[in-house]
>>> print(open('run.tsv').read())   # TSV, C-alpha atoms
chain	number	residue	atom	x	y	z
N	1	MET	CA	-1.93	-16.81	5.17
N	2	ASP	CA	-5.05	-18.82	4.26
N	3	SER	CA	-3.67	-19.32	0.68
N	4	CYS	CA	-6.65	-17.46	-0.84
N	5	LEU	CA	-7.13	-14.17	-2.68
N	6	MET	CA	-10.06	-11.85	-2.00
N	7	ILE	CA	-11.34	-9.56	-4.76
N	8	TRP	CA	-13.35	-6.69	-3.27
N	9	HIS	CA	-15.81	-4.48	-5.16
N	10	MET	CA	-16.10	-1.02	-3.65
N	11	LYS	CA	-19.83	-0.61	-4.26
N	12	PRO	CA	-22.65	-1.02	-1.73
N	13	GLN	CA	-24.07	-4.53	-1.33
N	14	SER	CA	-21.57	-5.82	-3.87
N	15	ARG	CA	-20.05	-9.28	-3.88
N	16	ALA	CA	-16.55	-10.24	-2.82
N	17	TYR	CA	-14.84	-13.14	-4.56
N	18	ARG	CA	-12.53	-15.58	-2.84
N	19	PHE	CA	-10.18	-17.42	-5.20
N	20	ALA	CA	-8.35	-20.61	-4.26
N	21	GLY	CA	-5.45	-22.07	-6.22
N	22	HIS	CA	-2.22	-21.49	-4.31
N	23	LYS	CA	-1.04	-24.32	-2.05
N	24	ASP	CA	0.45	-22.04	0.62
N	25	ALA	CA	0.27	-18.45	1.92
N	26	VAL	CA	-0.21	-15.69	-0.66
N	27	THR	CA	2.52	-13.10	-0.15
N	28	CYS	CA	1.77	-10.46	-2.82
N	29	VAL	CA	-0.81	-9.28	-5.34
N	30	ASN	CA	-0.76	-6.73	-8.18
N	31	PHE	CA	-3.32	-5.64	-10.79
N	32	SER	CA	-2.21	-5.15	-14.38
N	33	PRO	CA	-2.40	-1.54	-15.66
N	34	SER	CA	-5.66	-2.30	-17.48
N	35	GLY	CA	-7.16	-4.03	-14.44
N	36	HIS	CA	-8.06	-7.06	-16.55
N	37	LEU	CA	-5.48	-9.34	-14.92
N	38	LEU	CA	-4.28	-9.91	-11.37
N	39	ALA	CA	-0.93	-11.46	-10.44
N	40	SER	CA	-0.20	-13.22	-7.14
N	41	GLY	CA	2.87	-14.81	-5.61
N	42	SER	CA	3.00	-17.46	-2.93
N	43	ARG	CA	5.07	-19.53	-0.55
N	44	ASP	CA	4.23	-22.45	-2.85
N	45	LYS	CA	7.00	-21.03	-5.16
N	46	THR	CA	4.56	-20.18	-7.94
N	47	VAL	CA	3.08	-17.08	-9.56
N	48	ARG	CA	-0.51	-17.09	-10.78
N	49	ILE	CA	-2.17	-14.73	-13.24
N	50	TRP	CA	-5.90	-14.47	-12.57
N	51	ILE	CA	-8.84	-13.11	-14.53
N	52	PRO	CA	-10.65	-11.23	-11.72
N	53	ASN	CA	-14.22	-12.22	-12.48
N	54	VAL	CA	-16.79	-14.64	-11.10
N	55	LYS	CA	-15.01	-17.64	-12.66
N	56	GLY	CA	-11.63	-16.78	-11.17
N	57	GLU	CA	-9.54	-18.58	-13.81
N	58	SER	CA	-5.77	-18.58	-13.34
N	59	THR	CA	-2.57	-19.61	-15.10
N	60	VAL	CA	0.41	-20.94	-13.14
N	61	PHE	CA	3.98	-19.71	-13.73
N	62	ARG	CA	6.82	-21.85	-12.36
N	63	ALA	CA	10.54	-21.06	-12.27
N	64	HIS	CA	11.34	-19.89	-8.73
N	65	THR	CA	12.72	-22.46	-6.30
N	66	ALA	CA	11.57	-20.72	-3.10
N	67	THR	CA	8.85	-18.39	-1.78
N	68	VAL	CA	7.79	-15.63	-4.18
N	69	ARG	CA	7.76	-12.38	-2.17
N	70	SER	CA	6.81	-9.76	-4.75
N	71	VAL	CA	5.10	-9.39	-8.12
N	72	HIS	CA	4.69	-6.23	-10.21
N	73	PHE	CA	3.42	-5.54	-13.74
N	74	CYS	CA	5.30	-3.32	-16.18
N	75	SER	CA	3.41	-0.16	-17.20
N	76	ASP	CA	2.67	-1.62	-20.65
N	77	GLY	CA	1.23	-4.81	-19.11
N	78	GLN	CA	3.35	-6.97	-21.42
N	79	SER	CA	5.65	-8.28	-18.69
N	80	PHE	CA	5.91	-8.59	-14.93
N	81	VAL	CA	8.75	-8.95	-12.43
N	82	THR	CA	8.98	-11.19	-9.36
N	83	ALA	CA	11.30	-11.41	-6.35
N	84	SER	CA	11.96	-14.54	-4.37
N	85	ASP	CA	13.72	-16.19	-1.43
N	86	ASP	CA	15.79	-18.06	-4.04
N	87	LYS	CA	17.84	-14.77	-4.20
N	88	THR	CA	16.72	-13.98	-7.77
N	89	VAL	CA	14.62	-11.42	-9.58
N	90	LYS	CA	12.80	-12.86	-12.57
N	91	VAL	CA	11.07	-11.20	-15.52
N	92	TRP	CA	8.16	-12.90	-17.30
N	93	SER	CA	6.09	-12.40	-20.44
N	94	THR	CA	2.42	-11.89	-19.55
N	95	HIS	CA	0.71	-12.99	-22.74
N	96	ARG	CA	3.23	-15.59	-23.94
N	97	GLN	CA	3.04	-17.01	-20.40
N	98	LYS	CA	6.75	-17.76	-20.18
N	99	PHE	CA	9.81	-16.98	-18.09
N	100	LEU	CA	12.20	-14.54	-19.82
N	101	PHE	CA	15.33	-14.01	-17.69
N	102	SER	CA	16.79	-13.77	-14.16
N	103	LEU	CA	18.76	-11.08	-12.34
N	104	SER	CA	21.01	-12.85	-9.86
N	105	GLN	CA	23.45	-10.62	-7.97
N	106	HIS	CA	21.71	-10.55	-4.57
N	107	ILE	CA	23.29	-12.83	-1.92
N	108	ASN	CA	20.20	-13.18	0.29
N	109	TRP	CA	16.41	-13.32	-0.03
N	110	VAL	CA	14.91	-10.70	-2.35
N	111	ARG	CA	11.87	-9.12	-0.73
N	112	CYS	CA	10.65	-6.76	-3.44
N	113	ALA	CA	11.13	-5.86	-7.11
N	114	ARG	CA	9.43	-3.08	-9.10
N	115	PHE	CA	9.49	-1.70	-12.63
N	116	SER	CA	10.16	1.99	-13.23
N	117	PRO	CA	7.21	3.97	-14.66
N	118	ASP	CA	8.76	3.85	-18.15
N	119	GLY	CA	9.57	0.14	-17.84
N	120	ARG	CA	13.29	0.56	-18.61
N	121	LEU	CA	14.61	0.00	-15.08
N	122	ILE	CA	13.96	-2.51	-12.30
N	123	VAL	CA	14.69	-1.92	-8.62
N	124	SER	CA	15.00	-4.71	-6.05
N	125	ALA	CA	15.33	-4.87	-2.25
N	126	SER	CA	16.97	-7.71	-0.37
N	127	ASP	CA	17.87	-9.19	3.00
N	128	ASP	CA	21.50	-8.66	1.97
N	129	LYS	CA	20.85	-5.01	3.10
N	130	THR	CA	21.14	-3.63	-0.43
N	131	VAL	CA	18.86	-2.04	-3.00
N	132	LYS	CA	19.89	-2.77	-6.57
N	133	LEU	CA	19.01	-0.84	-9.72
N	134	TRP	CA	18.90	-2.86	-12.95
N	135	ASP	CA	18.74	-2.03	-16.65
N	136	LYS	CA	16.03	-4.23	-18.16
N	137	THR	CA	17.52	-4.23	-21.67
N	138	SER	CA	21.14	-5.02	-20.78
N	139	ARG	CA	20.16	-7.05	-17.69
N	140	GLU	CA	23.05	-5.43	-15.83
N	141	CYS	CA	23.10	-4.01	-12.31
N	142	VAL	CA	23.44	-0.25	-12.73
N	143	HIS	CA	24.03	0.58	-9.06
N	144	SER	CA	23.82	-0.88	-5.55
N	145	TYR	CA	22.61	1.25	-2.63
N	146	CYS	CA	24.14	-0.02	0.61
N	147	GLU	CA	23.11	2.58	3.21
N	148	HIS	CA	20.54	0.43	5.04
N	149	GLY	CA	21.60	-1.04	8.39
N	150	GLY	CA	19.26	-4.05	8.15
N	151	PHE	CA	17.14	-6.12	5.78
N	152	VAL	CA	15.46	-3.99	3.11
N	153	THR	CA	11.79	-4.93	3.08
N	154	TYR	CA	10.28	-2.81	0.30
N	155	VAL	CA	11.24	-0.47	-2.53
N	156	ASP	CA	9.36	1.52	-5.17
N	157	PHE	CA	9.84	4.18	-7.81
N	158	HIS	CA	8.63	7.76	-7.48
N	159	PRO	CA	5.89	8.45	-10.11
N	160	SER	CA	8.39	10.63	-12.00
N	161	GLY	CA	10.84	7.71	-12.22
N	162	THR	CA	13.72	9.91	-11.07
N	163	CYS	CA	14.06	8.56	-7.54
N	164	ILE	CA	13.30	5.51	-5.39
N	165	ALA	CA	12.22	5.00	-1.79
N	166	ALA	CA	13.17	1.97	0.28
N	167	ALA	CA	11.94	0.72	3.66
N	168	GLY	CA	13.94	-1.39	6.08
N	169	MET	CA	14.03	-3.50	9.20
N	170	ASP	CA	16.20	-0.75	10.72
N	171	ASN	CA	12.98	1.34	11.08
N	172	THR	CA	14.07	3.76	8.33
N	173	VAL	CA	12.87	5.02	4.97
N	174	LYS	CA	15.47	6.32	2.51
N	175	VAL	CA	15.00	8.17	-0.78
N	176	TRP	CA	17.68	8.16	-3.52
N	177	ASP	CA	18.06	9.89	-6.87
N	178	VAL	CA	18.46	7.17	-9.52
N	179	ARG	CA	20.38	9.51	-11.84
N	180	THR	CA	23.08	10.69	-9.42
N	181	HIS	CA	22.59	7.81	-6.91
N	182	ARG	CA	22.70	10.40	-4.14
N	183	LEU	CA	20.77	9.90	-0.89
N	184	LEU	CA	18.12	12.64	-0.92
N	185	GLN	CA	16.13	12.01	2.26
N	186	HIS	CA	16.38	9.81	5.34
N	187	TYR	CA	13.46	9.23	7.73
N	188	GLN	CA	13.60	7.40	11.06
N	189	LEU	CA	10.08	7.94	12.38
N	190	HIS	CA	8.75	4.46	13.14
N	191	SER	CA	9.59	2.53	16.31
N	192	ALA	CA	9.70	-0.83	14.50
N	193	ALA	CA	10.42	-2.26	11.05
N	194	VAL	CA	8.89	-0.47	8.06
N	195	ASN	CA	7.16	-3.15	5.97
N	196	ALA	CA	5.77	-1.27	2.97
N	197	LEU	CA	5.44	2.14	1.36
N	198	SER	CA	3.49	3.81	-1.43
N	199	PHE	CA	3.91	7.09	-3.32
N	200	HIS	CA	0.90	9.34	-3.84
N	201	PRO	CA	0.32	9.74	-7.63
N	202	SER	CA	1.21	13.44	-7.32
N	203	GLY	CA	4.65	12.40	-6.04
N	204	ASN	CA	4.43	14.85	-3.13
N	205	TYR	CA	3.56	12.37	-0.38
N	206	LEU	CA	4.80	9.00	0.82
N	207	LEU	CA	2.78	6.56	2.89
N	208	THR	CA	4.48	3.95	5.10
N	209	ALA	CA	3.29	0.91	7.06
N	210	SER	CA	5.17	-0.45	10.06
N	211	SER	CA	5.30	-3.26	12.58
N	212	ASP	CA	4.65	-0.58	15.23
N	213	SER	CA	1.00	-0.84	13.98
N	214	THR	CA	0.93	2.69	12.52
N	215	LEU	CA	0.78	4.28	9.10
N	216	LYS	CA	2.68	7.52	8.53
N	217	ILE	CA	2.21	10.16	5.84
N	218	LEU	CA	5.36	12.05	4.83
N	219	ASP	CA	5.51	15.36	2.96
N	220	LEU	CA	8.37	14.80	0.51
N	221	MET	CA	8.46	18.43	-0.62
N	222	GLU	CA	9.19	19.65	2.91
N	223	GLY	CA	10.88	16.47	4.13
N	224	ARG	CA	8.77	16.05	7.24
N	225	LEU	CA	6.15	13.87	8.90
N	226	LEU	CA	2.57	15.02	8.35
N	227	TYR	CA	0.40	12.47	10.14
N	228	THR	CA	0.51	9.23	12.09
N	229	LEU	CA	-2.55	7.05	11.59
N	230	HIS	CA	-3.72	4.43	14.09
N	231	GLY	CA	-6.13	1.68	13.10
N	232	HIS	CA	-4.47	-1.73	13.00
N	233	GLN	CA	-4.21	-3.84	16.16
N	234	GLY	CA	-0.81	-5.25	15.32
N	235	PRO	CA	1.85	-4.88	12.60
N	236	ALA	CA	0.70	-3.00	9.48
N	237	THR	CA	2.11	-5.17	6.71
N	238	THR	CA	1.09	-3.50	3.46
N	239	VAL	CA	-0.20	-0.21	2.10
N	240	ALA	CA	-1.13	1.17	-1.33
N	241	PHE	CA	-2.65	4.29	-2.87
N	242	SER	CA	-5.41	3.99	-5.45
N	243	ARG	CA	-4.56	4.99	-9.02
N	244	THR	CA	-6.04	8.48	-8.54
N	245	GLY	CA	-4.73	8.93	-4.99
N	246	GLU	CA	-8.24	9.57	-3.69
N	247	TYR	CA	-8.04	6.53	-1.43
N	248	PHE	CA	-5.42	4.31	0.14
N	249	ALA	CA	-5.67	0.81	1.59
N	250	SER	CA	-3.75	-0.86	4.39
N	251	GLY	CA	-3.50	-4.45	5.55
N	252	GLY	CA	-2.23	-5.92	8.79
N	253	SER	CA	-1.56	-9.06	10.75
N	254	ASP	CA	-4.84	-8.35	12.59
N	255	GLU	CA	-6.57	-9.83	9.49
N	256	GLN	CA	-8.02	-6.41	8.62
N	257	VAL	CA	-7.92	-4.58	5.30
N	258	MET	CA	-8.83	-0.91	5.74
N	259	VAL	CA	-9.71	1.57	3.00
N	260	TRP	CA	-9.01	5.20	3.87
N	261	LYS	CA	-10.15	8.47	2.32
N	262	SER	CA	-7.32	10.91	1.57
N	263	ASN	CA	-7.44	14.61	0.77
N	264	PHE	CA	-3.87	15.81	0.30
N	265	ASP	CA	-4.56	18.80	-1.90
N	266	VAL	CA	-6.71	20.83	0.52
N	267	VAL	CA	-4.86	24.14	0.90
N	268	ASP	CA	-7.64	26.41	2.08
N	269	TYR	CA	-7.98	26.32	5.87
N	270	GLY	CA	-11.73	26.77	5.52
N	271	GLU	CA	-11.92	23.63	3.42
N	272	VAL	CA	-10.07	21.64	6.07
N	273	THR	CA	-12.68	22.48	8.71
N	274	LYS	CA	-15.64	21.42	6.57
N	275	VAL	CA	-17.45	18.17	7.26
N	276	HIS	CA	-15.92	15.43	5.09
N	277	ARG	CA	-18.42	12.62	4.77
N	278	PRO	CA	-17.83	9.37	2.88
N	279	PRO	CA	-19.47	8.94	-0.52
N	280	ALA	CA	-23.10	7.97	-0.29
N	281	THR	CA	-22.35	4.66	-1.96
N	282	LEU	CA	-20.28	3.60	1.05
N	283	ALA	CA	-22.81	4.59	3.74
N	284	THR	CA	-26.14	3.33	2.47
N	285	SER	CA	-26.42	0.29	4.70
N	286	SER	CA	-26.90	0.17	8.46
N	287	ARG	CA	-23.74	-1.91	8.76
N	288	ASN	CA	-21.72	0.85	7.05
N	289	LEU	CA	-23.19	3.44	9.43
N	290	MET	CA	-22.18	1.29	12.38
N	291	TRP	CA	-18.60	0.98	11.06
N	292	GLU	CA	-18.55	4.73	10.42
N	293	ALA	CA	-19.62	5.51	13.99
N	294	LEU	CA	-16.91	3.22	15.34
N	295	ARG	CA	-14.13	4.59	13.17
N	296	LYS	CA	-15.14	8.21	13.86
N	297	SER	CA	-14.44	7.60	17.53
N	298	ASN	CA	-10.73	7.25	16.75
N	299	LEU	CA	-9.59	10.83	17.37
N	300	CYS	CA	-5.95	9.98	16.60
N	301	SER	CA	-6.66	10.43	12.89
N	302	PRO	CA	-7.61	13.78	11.32
N	303	PRO	CA	-11.02	13.82	9.59
N	304	TRP	CA	-9.56	13.73	6.11
N	305	PHE	CA	-7.73	10.47	6.85
N	306	TRP	CA	-10.48	8.35	8.37
N	307	CYS	CA	-10.92	4.70	7.57
N	308	MET	CA	-13.84	4.43	5.15
N	309	GLU	CA	-14.38	0.68	5.26
N	310	ARG	CA	-12.99	-2.41	6.94
N	311	LEU	CA	-13.10	-5.17	4.37
N	312	SER	CA	-14.46	-8.30	6.00
N	313	SER	CA	-16.56	-11.24	4.93
N	314	LEU	CA	-19.67	-10.03	6.78
N	315	GLY	CA	-21.49	-9.10	3.59
N	316	PRO	CA	-22.71	-11.30	0.74
N	317	GLU	CA	-19.96	-13.00	-1.20
N	318	VAL	CA	-19.75	-15.44	-4.08
N	319	GLN	CA	-17.23	-18.28	-3.98
N	320	PRO	CA	-17.83	-20.13	-7.25
N	321	GLU	CA	-16.89	-23.65	-8.22
N	322	VAL	CA	-14.20	-23.14	-10.86
N	323	ASP	CA	-11.76	-25.09	-12.99
N	324	PHE	CA	-8.44	-23.22	-13.13
N	325	PRO	CA	-6.55	-23.46	-16.45
N	326	VAL	CA	-2.80	-24.08	-16.43
N	327	PRO	CA	-0.23	-23.65	-19.24
N	328	PRO	CA	-0.22	-26.30	-22.01
N	329	GLY	CA	1.69	-29.46	-21.23
N	330	ARG	CA	1.24	-29.24	-17.47
N	331	GLY	CA	-2.09	-30.90	-17.27
N	332	ARG	CA	-5.27	-29.62	-15.62
N	333	SER	CA	-6.35	-29.82	-12.04
N	334	GLN	CA	-9.66	-29.24	-10.32
N	335	GLU	CA	-9.48	-26.55	-7.61
N	336	SER	CA	-12.74	-25.29	-6.22
N	337	VAL	CA	-14.02	-22.69	-3.84
N	338	GLN	CA	-17.22	-23.29	-1.92
N	339	SER	CA	-20.10	-20.85	-2.23
N	340	GLN	CA	-21.27	-19.37	1.04
N	341	PRO	CA	-23.70	-16.51	0.34
N	342	GLN	CA	-24.91	-14.67	3.42
N	343	GLU	CA	-27.85	-12.39	4.01
N	344	PRO	CA	-27.11	-8.68	4.48
N	345	ILE	CA	-27.28	-7.49	8.09
N	346	SER	CA	-30.18	-5.12	8.83
N	347	MET	CA	-30.99	-2.91	11.82
N	348	PRO	CA	-34.11	-1.01	12.96
N	349	GLN	CA	-34.64	2.50	11.58
N	350	THR	CA	-34.42	4.05	15.06
N	351	LEU	CA	-30.97	2.57	15.59
N	352	THR	CA	-29.89	3.82	12.17
N	353	SER	CA	-31.04	7.35	13.03
N	354	THR	CA	-29.23	7.19	16.37
N	355	LEU	CA	-26.02	6.10	14.64
N	356	GLU	CA	-26.36	8.93	12.11
N	357	HIS	CA	-26.67	11.40	15.00
N	358	ILE	CA	-23.58	9.91	16.69
N	359	VAL	CA	-21.63	10.20	13.45
N	360	GLY	CA	-22.58	13.87	13.15
N	361	GLN	CA	-21.51	14.62	16.73
N	362	LEU	CA	-18.23	12.76	16.29
N	363	ASP	CA	-17.60	14.71	13.08
N	364	VAL	CA	-17.78	17.97	15.02
N	365	LEU	CA	-15.53	16.64	17.79
N	366	THR	CA	-12.97	15.26	15.33
N	367	GLN	CA	-12.84	18.56	13.45
N	368	THR	CA	-12.32	20.45	16.72
N	369	VAL	CA	-9.35	18.23	17.57
N	370	SER	CA	-7.99	18.77	14.05
N	371	ILE	CA	-8.22	22.57	14.39
N	372	LEU	CA	-6.46	22.44	17.75
N	373	GLU	CA	-3.75	20.22	16.24
N	374	GLN	CA	-3.18	22.69	13.41
N	375	ARG	CA	-3.02	25.63	15.81
N	376	LEU	CA	-0.51	23.76	17.96
N	377	THR	CA	1.62	23.06	14.89
N	378	LEU	CA	1.54	26.75	13.93
N	379	THR	CA	2.50	27.73	17.48
N	380	GLU	CA	5.42	25.28	17.48
N	381	ASP	CA	6.64	26.66	14.14
N	382	LYS	CA	6.46	30.24	15.44
N	383	LEU	CA	8.28	29.27	18.64
N	384	LYS	CA	11.01	27.55	16.65
N	385	GLN	CA	11.40	30.64	14.45
N	386	CYS	CA	11.63	32.90	17.53
N	387	LEU	CA	14.32	30.71	19.09
N	388	GLU	CA	16.33	30.73	15.86
N	389	ASN	CA	16.06	34.52	15.64
N	390	GLN	CA	17.14	34.83	19.27
N	391	GLN	CA	20.20	32.69	18.63
N	392	LEU	CA	21.13	34.83	15.61
N	393	ILE	CA	20.81	38.01	17.67
N	394	MET	CA	22.98	36.56	20.45
N	395	GLN	CA	25.63	35.50	17.96
N	396	ARG	CA	25.76	39.01	16.46
N	397	THR	CA	26.01	40.73	19.86
N	398	THR	CA	28.71	38.39	21.20
N	399	PRO	CA	32.16	40.10	20.82
>>> encode(input="run.tsv", output="structure tokens")
Amino acid sequence: MDSCLMIWHMKPQSRAYRFAGHKDAVTCVNFSPSGHLLASGSRDKTVRIWIPNVKGESTVFRAHTATVRSVHFCSDGQSFVTASDDKTVKVWSTHRQKFLFSLSQHINWVRCARFSPDGRLIVSASDDKTVKLWDKTSRECVHSYCEHGGFVTYVDFHPSGTCIAAAGMDNTVKVWDVRTHRLLQHYQLHSAAVNALSFHPSGNYLLTASSDSTLKILDLMEGRLLYTLHGHQGPATTVAFSRTGEYFASGGSDEQVMVWKSNFDVVDYGEVTKVHRPPATLATSSRNLMWEALRKSNLCSPPWFWCMERLSSLGPEVQPEVDFPVPPGRGRSQESVQSQPQEPISMPQTLTSTLEHIVGQLDVLTQTVSILEQRLTLTEDKLKQCLENQQLIMQRTTP
């Protein structure tokens, strides 16, 4: 909402960069596949492509006539797609820095647009309560999914490219097969609008963020809810897995960005009960230990889904004076960001040791709660199975 972008480096004592350029709130960001470029969309009706380094240079793309809600790079990095309140989806050339074509069949604001993993399809979600599937080559709408009962806020492709998941203001998440266009799964687990979702790279799990302030992790193979995560003090507005799936990040209207550690592939029960500590690189400072002690006290989250770091501007950051380039023929403008380096926060060694001890004790307590939760789940499953067996027996004995 402050019209700036923050680029965070996930190393201890590293610098965070704040880039200014947009004239209004920044609504979306997306890294290119190589990580060498960063795209952003804004209420100022523009898209900017940034070079995410200390200089923070950007190029402005103009064609939309209203707020840009979504931006997403194609897997080859050669093009990107945007969605806007002007009811259009637009495709752009990254390196030629030009607008290519529009997709214009939505009759209300378009909230999200994404490329398929192979780059041949585009999916879009709109306030007209539809999800549309497009062929990039023919520029035709292949299919419209109309099952949502409210505005569709977000949509994305499964890593395999064979299905899509969409989130809506009707508190639901729906999964469709893009080949047969059949509804595969329907989830109504949140108590408020679902604002964003993200597939785990394995394709087995789906993460959702909602205005009810929670994140939920869904097991797509079994079609059930795995975990509900509490951390944000207000609507959770965005969520995304890292490329490897080892981490995921969430953002909210509480001005917090949280980075979480995930461990979805633990199958051995013994492994689950082990102490899972954050990487040493994220717990070397006293400030990190303090955050860790605070987050460990949240027993609502199992130990393999704790929040590793809250991204804030407490640490040192560089905000350089930069001159942002714009496409030829549009002139140049001076847009600067002030530098405000701050000294790292330090604490006495005794306090650090005390915090380490607290973290250790909270680890044990959190694991105990996790074990009890798993045992309760097993008990519920057994009880359900017994009830089903009892019903079958009664049906067979009834004349």
>>> atom_distance(input="run.tsv", atom1="CA of Ala192 in chain N", atom2="CA of Asp170 in chain N")
7.5 Å
>>> closest_residue(input="run.tsv", among="N:Ala209, N:Met6, N:Val173, N:Cys74", to="Trp50 in chain N", atoms="all atoms listed in the file")
N:Met6
>>> atom_distance(input="run.tsv", atom1="CA of Ala167 in chain N", atom2="CA of Asp128 in chain N")
13.5 Å
>>> closest_residue(input="run.tsv", among="N:Leu207, N:Gln391, N:Lys55, N:Gln385", to="Tyr247 in chain N", atoms="only C-alpha atoms")
N:Leu207
>>> residues_around(input="run.tsv", residues="Ala113 in chain N", least_positions_apart="2", cutoff="6 Å", atoms="all atoms listed in the file", output="list in words")
Ala83, Val123 and Ser124 of chain N
>>> residues_around(input="run.tsv", residues="Lys216 in chain N", least_positions_apart="6", cutoff="10 Å", atoms="all atoms listed in the file", output="compact mmCIF listing (two decimals) with C-alpha atoms, in the coordinates of the input")
# COMPACT_ATOMS: atom_id res chain seq x y z
CA LEU N 189 10.08 7.94 12.38
CA HIS N 190 8.75 4.46 13.14
CA LEU N 197 5.44 2.14 1.36
CA LEU N 206 4.80 9.00 0.82
CA LEU N 207 2.78 6.56 2.89
CA THR N 208 4.48 3.95 5.10
CA ALA N 209 3.29 0.91 7.06
CA SER N 210 5.17 -0.45 10.06
CA LEU N 225 6.15 13.87 8.90
CA LEU N 226 2.57 15.02 8.35
CA TYR N 227 0.40 12.47 10.14
CA THR N 228 0.51 9.23 12.09
CA LEU N 229 -2.55 7.05 11.59
CA HIS N 230 -3.72 4.43 14.09
>>> atom_distance(input="run.tsv", atom1="CA of Asn108 in chain N", atom2="CA of Phe151 in chain N")
9.5 Å
>>> residues_around(input="run.tsv", residues="Ala63 in chain N", least_positions_apart="5", cutoff="10 Å", atoms="all atoms listed in the file", output="list of chain:residue names")
N:Lys45, N:Thr46, N:Val47, N:Lys90, N:Trp92, N:Lys98, N:Phe99, N:Ser102
>>> build_atoms(input="run.tsv", residues="range 196-208 of chain N", atoms="N, CA, C and O atoms", output="CSV table (one decimal), keeping the file's coordinate frame")
chain,number,residue,atom,x,y,z
N,196,ALA,N,6.2,-1.6,4.3
N,196,ALA,CA,5.8,-1.3,3.0
N,196,ALA,C,5.7,0.2,2.9
N,196,ALA,O,5.6,1.0,3.9
N,197,LEU,N,5.6,0.7,1.6
N,197,LEU,CA,5.4,2.1,1.4
N,197,LEU,C,4.7,2.3,0.0
N,197,LEU,O,4.7,1.4,-0.8
N,198,SER,N,4.2,3.5,-0.2
N,198,SER,CA,3.5,3.8,-1.4
N,198,SER,C,3.5,5.3,-1.7
N,198,SER,O,3.3,6.1,-0.8
N,199,PHE,N,3.9,5.7,-2.9
N,199,PHE,CA,3.9,7.1,-3.3
N,199,PHE,C,2.5,7.5,-3.7
N,199,PHE,O,1.8,6.8,-4.4
N,200,HIS,N,2.1,8.7,-3.3
N,200,HIS,CA,0.9,9.3,-3.8
N,200,HIS,C,1.1,9.6,-5.3
N,200,HIS,O,2.3,10.0,-5.7
N,201,PRO,N,0.1,9.5,-6.2
N,201,PRO,CA,0.3,9.7,-7.6
N,201,PRO,C,0.9,11.1,-7.9
N,201,PRO,O,1.6,11.3,-9.0
N,202,SER,N,0.7,12.1,-7.1
N,202,SER,CA,1.2,13.4,-7.3
N,202,SER,C,2.7,13.5,-7.1
N,202,SER,O,3.4,14.4,-7.6
N,203,GLY,N,3.2,12.5,-6.4
N,203,GLY,CA,4.6,12.4,-6.0
N,203,GLY,C,5.1,13.2,-4.9
N,203,GLY,O,6.2,13.3,-4.5
N,204,ASN,N,4.1,13.9,-4.2
N,204,ASN,CA,4.4,14.8,-3.1
N,204,ASN,C,4.4,14.2,-1.8
N,204,ASN,O,4.9,14.8,-0.8
N,205,TYR,N,3.8,13.0,-1.7
N,205,TYR,CA,3.6,12.4,-0.4
N,205,TYR,C,4.0,10.9,-0.4
N,205,TYR,O,3.9,10.3,-1.5
N,206,LEU,N,4.4,10.4,0.7
N,206,LEU,CA,4.8,9.0,0.8
N,206,LEU,C,4.1,8.4,2.0
N,206,LEU,O,4.1,9.0,3.1
N,207,LEU,N,3.5,7.3,1.8
N,207,LEU,CA,2.8,6.6,2.9
N,207,LEU,C,3.6,5.3,3.3
N,207,LEU,O,4.0,4.6,2.5
N,208,THR,N,3.7,5.1,4.6
N,208,THR,CA,4.5,4.0,5.1
N,208,THR,C,3.7,3.1,6.1
N,208,THR,O,2.8,3.6,6.7
